[in-house]
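Novice: Mind looking over this structure? Questions follow.
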Amino acid sequence: LKSLQIFAPYSSLIDKVFVVLIVLFGVVAVSRTITASMGYWLKVQKKTQKVPVLVNKVINIIIYLLGLLIIFDFFNVAITPVLATLGVGALALGLALQPTLSNFFAGLRIIADKSIEVGDFVELEKMSGSIEDIGWNSTRIRTLQSTIVVVPNSKLADSILVNSSLPKKDIGIQVNCGVAYDSDLKKVEKIVLDVANKIQK
């Protein structure tokens, strides 16, 4: 474009536009590559392909902020005053959004602690189910009835829970069933094992 005579007066503008576009394309490419790589790593290492939404969002924010700083640097914008302004704004916003930030940092603590992960089967005080996702504000748990229960991260982090997927992913579930006192126990055992094998298949 710069080599065309008609665009000669706009040479500086073309440089700026293309630098911004290249940085944006680069940021998007890096973000998607990291997300895909994490998904592949989880699939290979932990037999799950789902990356917690919270992890994806934090990584994306960091990458996009770096891209924004690169653009500011190209346009010779002083970053220090911008960071100071953002700091004051973040303080005011933090005071207004204390519950939300509490859930956000509780989510980071849950992920860093590795006490529960996506796919784990957990038992809380009044419910049990599989961890479907760990988000910004809450964790979604799928119960055995295939309903989704949304638990705030701060409450989950402070709860006493049983993680049936640790130390191994194999889960034992107790099912109580009654039979008549005069039943043939060998026949009962055979029927129970047959049913269990069918369920496994």
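Naming scheme: A, B, ... for chains in displayed order of the structure tokens; residues 1 onward per chain; ligands 1 onward as shown.
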So that I can check the secondary structure, give me every residue of range 57-164 of chain A assigned strand (DSSP E) by backbone DSSP, as a VMD selection string.

Specialist: chain A and resid 121 to 123 128 to 134 138 to 143 148 to 152 162 to 163

Novice: Do you have, as JSON lines, the list of residues of range 78-147 of chain A lying at most 12 Å from range 71-74 of chain A, each with its nearest atom pair and that distance in Å to one decimal, counting only C-alpha atoms and ordered by chain then number?

Specialist:
{"residue": "A:Ala78", "atom": "CA", "partner": "A:Phe72", "partner_atom": "CA", "distance": 7.5}
{"residue": "A:Ile79", "atom": "CA", "partner": "A:Phe72", "partner_atom": "CA", "distance": 7.1}
{"residue": "A:Thr80", "atom": "CA", "partner": "A:Phe72", "partner_atom": "CA", "distance": 10.9}
{"residue": "A:Pro81", "atom": "CA", "partner": "A:Phe72", "partner_atom": "CA", "distance": 11.9}
{"residue": "A:Val82", "atom": "CA", "partner": "A:Phe72", "partner_atom": "CA", "distance": 9.8}
{"residue": "A:Leu83", "atom": "CA", "partner": "A:Phe72", "partner_atom": "CA", "distance": 11.6}

Novice: How would the residues just picked look written out with N, CA and C atoms as a PDB file, in the first residue's frame?

Specialist:
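Below is the file that was written, out03.pdb:
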ATOM      1  N   ALA A  78       3.144   7.020  27.439  1.00  0.00           N
ATOM      2  CA  ALA A  78       3.784   6.745  28.736  1.00  0.00           C
ATOM      3  C   ALA A  78       2.919   5.750  29.506  1.00  0.00           C
ATOM      4  N   ILE A  79       3.515   4.604  29.820  1.00  0.00           N
ATOM      5  CA  ILE A  79       2.753   3.527  30.461  1.00  0.00           C
ATOM      6  C   ILE A  79       2.551   3.779  31.953  1.00  0.00           C
ATOM      7  N   THR A  80       3.508   4.435  32.610  1.00  0.00           N
ATOM      8  CA  THR A  80       3.438   4.633  34.065  1.00  0.00           C
ATOM      9  C   THR A  80       2.175   5.374  34.499  1.00  0.00           C
ATOM     10  N   PRO A  81       1.823   6.525  33.886  1.00  0.00           N
ATOM     11  CA  PRO A  81       0.577   7.198  34.282  1.00  0.00           C
ATOM     12  C   PRO A  81      -0.661   6.341  34.040  1.00  0.00           C
ATOM     13  N   VAL A  82      -0.642   5.574  32.922  1.00  0.00           N
ATOM     14  CA  VAL A  82      -1.777   4.690  32.622  1.00  0.00           C
ATOM     15  C   VAL A  82      -1.930   3.638  33.714  1.00  0.00           C
ATOM     16  N   LEU A  83      -0.792   3.035  34.121  1.00  0.00           N
ATOM     17  CA  LEU A  83      -0.835   2.020  35.173  1.00  0.00           C
ATOM     18  C   LEU A  83      -1.303   2.615  36.497  1.00  0.00           C
TER      19      LEU A  83
END

Novice: Give me, as a list in words, all polymer residues having an atom no more than 7 Å from Val151 in chain A, counting only C-alpha atoms and skipping those fewer than 3 positions away in the same chain.

Specialist: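 The residues that qualify are Ser138, Thr139, Arg140, Lys155 and Leu156 of chain A.
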
Novice: Residues of the last selection are to be written out with N, CA, C and O atoms, as a PDB file, in the first residue's frame.

Specialist:
ATOM      1  N   SER A 138     -18.193 -18.883  40.287  1.00  0.00           N
ATOM      2  CA  SER A 138     -18.785 -20.078  40.890  1.00  0.00           C
ATOM      3  C   SER A 138     -18.264 -21.349  40.233  1.00  0.00           C
ATOM      4  O   SER A 138     -17.641 -21.312  39.176  1.00  0.00           O
ATOM      5  N   THR A 139     -18.551 -22.458  40.891  1.00  0.00           N
ATOM      6  CA  THR A 139     -18.200 -23.786  40.375  1.00  0.00           C
ATOM      7  C   THR A 139     -19.490 -24.540  40.085  1.00  0.00           C
ATOM      8  O   THR A 139     -20.403 -24.556  40.917  1.00  0.00           O
ATOM      9  N   ARG A 140     -19.569 -25.147  38.906  1.00  0.00           N
ATOM     10  CA  ARG A 140     -20.760 -25.901  38.529  1.00  0.00           C
ATOM     11  C   ARG A 140     -20.529 -27.384  38.785  1.00  0.00           C
ATOM     12  O   ARG A 140     -19.516 -27.945  38.351  1.00  0.00           O
ATOM     13  N   LYS A 155     -17.632 -20.152  49.024  1.00  0.00           N
ATOM     14  CA  LYS A 155     -18.274 -21.144  49.894  1.00  0.00           C
ATOM     15  C   LYS A 155     -17.672 -22.522  49.687  1.00  0.00           C
ATOM     16  O   LYS A 155     -17.483 -23.284  50.629  1.00  0.00           O
ATOM     17  N   LEU A 156     -17.363 -22.841  48.417  1.00  0.00           N
ATOM     18  CA  LEU A 156     -16.765 -24.146  48.125  1.00  0.00           C
ATOM     19  C   LEU A 156     -15.386 -24.262  48.757  1.00  0.00           C
ATOM     20  O   LEU A 156     -15.029 -25.310  49.309  1.00  0.00           O
TER      21      LEU A 156
END

Novice: Can you tell me, as a list in words, what residues are no more than 9 Å from Ile63 in chain A when counting only C-alpha atoms, ignoring any on the same chain fewer than 3 positions away?

Specialist: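 Here the qualifying residues turn out to be Val27, Val28, Val30, Ser31, Val58, Ile59, Asn60, Leu66, Gly67 and Leu68 of chain A.
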
Novice: Which residue, A:Leu124, A:Leu101, A:Ile199, A:Ala90, has the smallest gap to Ser154 in chain A when you use only C-alpha atoms?

Specialist: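 Under the stated criterion, the closest residue is A:Leu101.
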
Novice: One decimal, in Å: what's the spacing between CA of Lys187 in chain A and CA of Val175 in chain A?

Specialist: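 About the pair CA of Lys187 in chain A and CA of Val175 in chain A: they are 18.0 Å apart.
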
Novice: Report the distance between CA of Lys198 in chain A and CA of Val122 in chain A in Å, rounded to one decimal place.

Specialist: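 Calculated distance between CA of Lys198 in chain A and CA of Val122 in chain A is 24.9 Å.
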